[in-house]
Every structure is written in C-alpha cells, then in structure tokens.
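Asker: Dumping the structure here so I can ask a few things about it.
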Protein chains: 2
Amino acid sequence: MPEGAWPLGKAIAQLQGIYILAENAHGLIVVDMHAAHERIVYERLKAQMDAQAIRSQPLLIPATFPATPAEVATAEACQDALETLGLQITPFTPKTLAVRAVPATLAQGDAVELARSVLAELAQHDASSVVERARNELLATMACHGAVRANRRLTLEEMNALLRQMEETERSDQCNHGRPTWRQLTLRELDALFLRGR
Amino acid sequence: MPEGAWPLGKAIAQLQGIYILAENAHGLIVVDMHAAHERIVYERLKAQMDAQAIRSQPLLIPATFPATPAEVATAEACQDALETLGLQITPFTPKTLAVRAVPATLAQGDAVELARSVLAELAQHDASSVVERARNELLATMACHGAVRANRRLTLEEMNALLRQMEETERSDQCNHGRPTWRQLTLRELDALFLRGR
C-alpha cells in the first residue's frame, strides 16, 4: 500500500510517553500506544491459541525468582495449563521458580512479571478447566505484559511498524477494555480550534 | 529559561504543512504557524514604526517587475510613504518598477509581491496621510508577506525558534484577524478522547 493511503497515516512524533501522533490525509491521528499494542498482542495470542499452538520460545538463560509456596504449588499443579499458554515454569529450588520458556510473542517482556501474573490467575481457578474458562482473561493478562509500556521512547520506524500492525489486526480499534485505541482529529476539527472555516 | 519551563513547549512535529505540534507539561500545543509568525512580524514592524525606524535593507540585486501605469504613478507619488515603510521602489523603465530596498524584517519574503500589495493599498488612499491613517492595515499586509507560508517544511530548530519568539512577543496569542494562534490540548482532554480517566 502506498504511504499516502495508510489509513492510520505516517508517524510524526510521540507525545508524553503515551501517545503516538500520525498524519494522514484527513488530519491528525492520535494512538494510545500501550492499548493498541496490547490489543495486537492479544489478538495474535488468541489466533495462535485457536490454532492450538501458542509458539513457545525457550529462554537462553532461565529467569529465576523467589516464589511463595502457593506459587510453587500452582506451577507444579498446572504444568499442562502453562504449557498450553506457551509457558514453562519449573521449580528451581524449594523456594525458587525458573521460567524456562515464554510465548515467542512475549519474548521482549519481563518473564518473571509474566510468570507471576499467570500463576496468580491460575491459582484462582480449578487448574484442569482453567484454560477453557479463563482463556481470554489469561491471554489479556499476558498481552498486557507483552505490550510496550508508557514512557518507552519509540523511534519513528517503531511507531510506523505499530501503525501498520494495527491496520492489519482485526478489532485493533478497541483495546481489551473496550476503549478506543486511536482517534482521528480531522483538519476541520483542528481548524475549528482556531476559528478557521474550511 | 530551562526547556521544561517553556510555556509553548518543545516542537515535536509539523502537521499538514499548517500546524506546529509541541509538547509541554500540560499536554499538546497546536500552533497555527503562518498566523503566529505573521503576528510576530507585525508586532516587530509596529515597534519599529513607533520608533520611527523601520529598518530598511537594500537588495543586492534590485527586483524588477512589469508594472501597470497606475503602479508606476503610485510609486512616484508615494516615495516618502514608501520610505517610511522601509521600502524603496523606483521606476526602472517606463513600464517596469525596481524594488531596491525592503524592511529588513521582511528580507526573506518575495519583494515583488510585497511591493505590489503595498502599492495597491497606497493607491486607494490619499498618499500624504496614508501612513497615519492606514498604518496598521499596511503593516498587516506587509507582515502577511513576510510570514512563513503554508506547506513550507520547517526543521524542529526553526519551529522551536518560532515558539520562543511567540513567548517573547506581546499579543502573539492572537493573529492579526483576532483568531487564536495556538491552542492547548491538555492531557485530560486527550485522555477523554480515549475514555480514560485521570
């Protein structure tokens, strides 16, 4: 698609560590960077899960962390559920867990934070049926950890890559909580701020 | 003044060849680039006129242009008025005028367009009293010619320079036609677009 036809436009700047600003034929596009990326990651995980294949990626160096007895117990009881989610979390010492693999889609994120969040959710459910019943919540939690955080400086190239992914991802115009991920400010609306007719 | 305290913020991008986008502590600043620059040029010309000294700058190569008999007549009749305005426009041939000097503040602009506009206004008035009576209109016309035009690409440095000039120029928050030259979109307003509370 030629640059001028990109629906979400061409990235021009990042604002307050939260928003991406882009320019398209109609005016200014404002993107909630974290919410949009979270949605893209979520939809990707969901598609992989539907195909029963969340691609897992072994960590070169397992990420170990001090774990509560409850976390160790959940990790041991839920090996199958974790594996379905693309995670491999095993006891390392009696008081330590090791994250050995994470979903490839989330490989950039913090493996320990991801492991802790998923274990906390699994502990609340009957492990055998959890993945079916709590699937979307679990994937949403995982997506949140995989999405770019506020205040991370992005290059224009990274911003444009995100915009292009949004254009290709179904339902990417709403975040996992139902809020919009981007808004258009038309030239007409901008001009109105300046009392200019068009 | 430290960068973080700049009221109009730090330029981050140009939008649609019309607006400058800047980031300050409160959110996003949108500046109508031409209107803001026009106002700065106007106030500068007015201050010089008040001090009875619009600084004139000779052109290395006079700008000649084919002129109507009316334009030639006005240029000859209004030498004093033109001089007061920092302009020197003299007959070059019977059908051609030469712009030999322009106000230093407008030296970047199109000398011929400037000369034609000023001659057209002078022709409408009684030359002897014109500068007193039509002073502000004349300066506004001249400022419009000296101000940066739509679709001119500015560097971030040029945009920041304009923002700093705006901060130092009285009444620069309104254009010569009474419209705002800049608007603040607060983070609260931006967040509201995304249904986010703060």
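Each chain in the structure tokens gets a letter, A, B, ..., in the order shown, and its residues are numbered from 1; ligands are numbered from 1 in order too.
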Skip Asn136 of chain B itself and residues of its chain fewer than 6 positions away, then list as number ranges by chain all residues within 10 Å of it, counting only C-alpha atoms.
Answerer: B: 42, 45-46, 142, 176
Asker: Write to file, as a compact mmCIF listing (two decimals), in the first residue's frame, the residues of the selection just made, with all heavy atoms.
Answerer:
# COMPACT_ATOMS: atom_id res chain seq x y z
N TYR B 42 4.39 41.39 12.42
CA TYR B 42 3.57 42.60 12.55
C TYR B 42 3.97 43.41 13.77
O TYR B 42 4.18 44.62 13.70
CB TYR B 42 2.10 42.19 12.64
CG TYR B 42 1.13 43.31 12.91
CD1 TYR B 42 0.76 44.20 11.91
CD2 TYR B 42 0.58 43.47 14.18
CE1 TYR B 42 -0.14 45.22 12.17
CE2 TYR B 42 -0.32 44.49 14.45
CZ TYR B 42 -0.68 45.37 13.44
OH TYR B 42 -1.56 46.38 13.70
N LEU B 45 7.32 45.08 13.20
CA LEU B 45 7.21 46.25 12.32
C LEU B 45 6.58 47.43 13.05
O LEU B 45 7.02 48.56 12.92
CB LEU B 45 6.37 45.90 11.08
CG LEU B 45 7.00 44.98 10.03
CD1 LEU B 45 5.97 44.62 8.95
CD2 LEU B 45 8.22 45.64 9.37
N LYS B 46 5.56 47.13 13.84
CA LYS B 46 4.84 48.19 14.56
C LYS B 46 5.78 48.87 15.57
O LYS B 46 5.80 50.09 15.68
CB LYS B 46 3.62 47.60 15.28
CG LYS B 46 2.56 48.62 15.63
CD LYS B 46 1.15 48.07 15.47
CE LYS B 46 0.79 47.02 16.48
NZ LYS B 46 0.41 47.61 17.79
N MET B 142 2.02 43.87 5.00
CA MET B 142 3.45 43.58 4.87
C MET B 142 3.84 42.36 5.70
O MET B 142 4.61 41.51 5.26
CB MET B 142 4.26 44.80 5.32
CG MET B 142 4.09 45.97 4.35
SD MET B 142 4.69 47.55 5.02
CE MET B 142 6.46 47.30 4.94
N ASN B 176 -3.58 38.60 13.48
CA ASN B 176 -4.00 39.95 13.10
C ASN B 176 -5.49 40.05 12.84
O ASN B 176 -6.04 41.13 12.73
CB ASN B 176 -3.22 40.41 11.86
CG ASN B 176 -1.75 40.61 12.18
OD1 ASN B 176 -1.39 40.81 13.33
ND2 ASN B 176 -0.90 40.54 11.17
Asker: Compute the chain B side of the contact with chain A at 8 Å, counting only C-alpha atoms, and hand it back as an MDAnalysis selection string.
Answerer: chainID B and resid 12:16 23 27:28 32 179:183 193:196
Asker: Using DSSP assignments from the backbone, pull out every residue in segment 36-122 of chain B that falls under strand (DSSP E or B) and give it to me as number ranges by chain.
Answerer: B: 56-66, 88-93, 96-103
Asker: Convert the current residue selection to file output with N, CA, C and O atoms, as an mmCIF file, in the first residue's frame.
Answerer:
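This is the output file out02.cif:
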data_model
loop_
_atom_site.group_PDB
_atom_site.id
_atom_site.type_symbol
_atom_site.label_atom_id
_atom_site.label_comp_id
_atom_site.auth_asym_id
_atom_site.auth_seq_id
_atom_site.Cartn_x
_atom_site.Cartn_y
_atom_site.Cartn_z
ATOM 1 N N SER B 56 15.471 49.351 6.984
ATOM 2 C CA SER B 56 15.390 49.005 5.577
ATOM 3 C C SER B 56 16.659 48.261 5.168
ATOM 4 O O SER B 56 17.727 48.509 5.724
ATOM 5 N N GLN B 57 16.493 47.348 4.241
ATOM 6 C CA GLN B 57 17.667 46.600 3.787
ATOM 7 C C GLN B 57 17.739 46.650 2.264
ATOM 8 O O GLN B 57 16.815 46.205 1.586
ATOM 9 N N PRO B 58 18.803 47.226 1.708
ATOM 10 C CA PRO B 58 18.921 47.284 0.248
ATOM 11 C C PRO B 58 19.041 45.876 -0.324
ATOM 12 O O PRO B 58 19.650 45.001 0.299
ATOM 13 N N LEU B 59 18.443 45.660 -1.477
ATOM 14 C CA LEU B 59 18.591 44.356 -2.144
ATOM 15 C C LEU B 59 19.868 44.389 -2.987
ATOM 16 O O LEU B 59 20.117 45.353 -3.710
ATOM 17 N N LEU B 60 20.671 43.377 -2.895
ATOM 18 C CA LEU B 60 21.909 43.320 -3.685
ATOM 19 C C LEU B 60 21.586 43.446 -5.161
ATOM 20 O O LEU B 60 22.220 44.189 -5.904
ATOM 21 N N ILE B 61 20.556 42.706 -5.562
ATOM 22 C CA ILE B 61 20.081 42.816 -6.944
ATOM 23 C C ILE B 61 18.645 43.312 -6.891
ATOM 24 O O ILE B 61 17.772 42.618 -6.372
ATOM 25 N N PRO B 62 18.386 44.543 -7.376
ATOM 26 C CA PRO B 62 17.010 45.054 -7.336
ATOM 27 C C PRO B 62 16.064 44.070 -8.018
ATOM 28 O O PRO B 62 16.437 43.425 -9.008
ATOM 29 N N ALA B 63 14.847 43.932 -7.455
ATOM 30 C CA ALA B 63 13.840 43.044 -8.045
ATOM 31 C C ALA B 63 12.967 43.874 -8.964
ATOM 32 O O ALA B 63 12.234 44.744 -8.508
ATOM 33 N N THR B 64 13.082 43.638 -10.269
ATOM 34 C CA THR B 64 12.281 44.421 -11.211
ATOM 35 C C THR B 64 11.054 43.623 -11.611
ATOM 36 O O THR B 64 11.067 42.394 -11.587
ATOM 37 N N PHE B 65 9.987 44.378 -11.942
ATOM 38 C CA PHE B 65 8.776 43.682 -12.384
ATOM 39 C C PHE B 65 7.976 44.578 -13.323
ATOM 40 O O PHE B 65 8.020 45.810 -13.179
ATOM 41 N N PRO B 66 7.261 43.988 -14.272
ATOM 42 C CA PRO B 66 6.425 44.772 -15.184
ATOM 43 C C PRO B 66 5.286 45.387 -14.388
ATOM 44 O O PRO B 66 4.612 44.684 -13.641
ATOM 45 N N GLN B 88 11.923 50.906 -0.879
ATOM 46 C CA GLN B 88 12.365 51.804 -1.935
ATOM 47 C C GLN B 88 11.988 51.172 -3.268
ATOM 48 O O GLN B 88 12.475 50.084 -3.626
ATOM 49 N N ILE B 89 11.057 51.826 -3.974
ATOM 50 C CA ILE B 89 10.556 51.296 -5.245
ATOM 51 C C ILE B 89 10.654 52.428 -6.264
ATOM 52 O O ILE B 89 10.005 53.459 -6.106
ATOM 53 N N THR B 90 11.477 52.250 -7.301
ATOM 54 C CA THR B 90 11.679 53.333 -8.269
ATOM 55 C C THR B 90 11.428 52.839 -9.687
ATOM 56 O O THR B 90 11.572 51.645 -9.979
ATOM 57 N N PRO B 91 11.042 53.789 -10.587
ATOM 58 C CA PRO B 91 10.861 53.406 -11.994
ATOM 59 C C PRO B 91 12.181 52.876 -12.558
ATOM 60 O O PRO B 91 13.253 53.420 -12.253
ATOM 61 N N PHE B 92 12.107 51.853 -13.357
ATOM 62 C CA PHE B 92 13.299 51.245 -13.947
ATOM 63 C C PHE B 92 13.270 51.503 -15.456
ATOM 64 O O PHE B 92 14.211 52.008 -16.046
ATOM 65 N N THR B 93 12.143 51.206 -16.072
ATOM 66 C CA THR B 93 11.829 51.640 -17.433
ATOM 67 C C THR B 93 10.418 52.215 -17.328
ATOM 68 O O THR B 93 9.792 52.116 -16.264
ATOM 69 N N THR B 96 8.320 49.388 -16.106
ATOM 70 C CA THR B 96 8.923 48.459 -15.142
ATOM 71 C C THR B 96 9.300 49.207 -13.871
ATOM 72 O O THR B 96 9.810 50.326 -13.945
ATOM 73 N N LEU B 97 9.044 48.579 -12.729
ATOM 74 C CA LEU B 97 9.487 49.151 -11.451
ATOM 75 C C LEU B 97 10.605 48.276 -10.879
ATOM 76 O O LEU B 97 10.702 47.078 -11.184
ATOM 77 N N ALA B 98 11.439 48.873 -10.039
ATOM 78 C CA ALA B 98 12.504 48.123 -9.376
ATOM 79 C C ALA B 98 12.375 48.292 -7.866
ATOM 80 O O ALA B 98 12.294 49.416 -7.373
ATOM 81 N N VAL B 99 12.309 47.175 -7.154
ATOM 82 C CA VAL B 99 12.328 47.217 -5.693
ATOM 83 C C VAL B 99 13.788 47.221 -5.283
ATOM 84 O O VAL B 99 14.522 46.273 -5.599
ATOM 85 N N ARG B 100 14.221 48.294 -4.629
ATOM 86 C CA ARG B 100 15.647 48.428 -4.303
ATOM 87 C C ARG B 100 15.946 48.176 -2.828
ATOM 88 O O ARG B 100 17.073 47.891 -2.458
ATOM 89 N N ALA B 101 14.908 48.296 -1.990
ATOM 90 C CA ALA B 101 15.100 48.027 -0.563
ATOM 91 C C ALA B 101 13.773 47.588 0.040
ATOM 92 O O ALA B 101 12.700 48.005 -0.405
ATOM 93 N N VAL B 102 13.842 46.716 1.018
ATOM 94 C CA VAL B 102 12.645 46.243 1.729
ATOM 95 C C VAL B 102 12.954 46.309 3.227
ATOM 96 O O VAL B 102 14.124 46.393 3.625
ATOM 97 N N PRO B 103 11.930 46.237 4.089
ATOM 98 C CA PRO B 103 12.210 46.190 5.524
ATOM 99 C C PRO B 103 13.065 44.952 5.831
ATOM 100 O O PRO B 103 12.804 43.866 5.295
#
Asker: Write down as an MDAnalysis selection string the residues belonging to segment 60-188 of chain B that are assigned helix (DSSP H, G or I) by DSSP computed on the backbone.
Answerer: chainID B and resid 69:77 79:84 104:106 111:123 127:133 135:146 156:168 187:188
Asker: Report as a PyMOL selection string all protein, DNA and RNA residues lying within 12 Å of segment 78-85 of chain A, evaluated on only C-alpha atoms, omitting residues in the same chain fewer than 4 positions from it.
Answerer: chain A and resi 45-46+48-58+70-74+89-91+99-106+114-136+138-143
Asker: To one decimal place, how far is atom CA of Glu158 of chain B from atom CA of Asn160 of chain A in Å?
Answerer: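 Taking atom CA of Glu158 of chain B as the start and atom CA of Asn160 of chain A as the end point, the length is 24.7 Å.
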Asker: With distances taken over only C-alpha atoms, which of B:Ala36, B:Leu87, B:Ala77, B:Ala192 is nearest to Cys144 of chain B?
Answerer: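 Once distances to Cys144 of chain B are computed over only C-alpha atoms, the minimum belongs to B:Ala36.
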Asker: I'd like the interatomic distance between atom CA of Ala147 of chain B and atom CA of His34 of chain B, to a tenth of an Å.
Answerer: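 Between these atoms lies a distance of 6.0 Å.
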Asker: By how many Å are atom CA of Met159 of chain B and atom CA of Leu8 of chain B apart?
Answerer: 11.0 Å
Asker: Could you tell me which of A:Met1, A:Val41, A:Ala67, A:Leu162 comes closest to His145 of chain A if we count only C-alpha atoms?
Answerer: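 Nearest candidate to His145 of chain A out of A:Met1, A:Val41, A:Ala67, A:Leu162: A:Val41.
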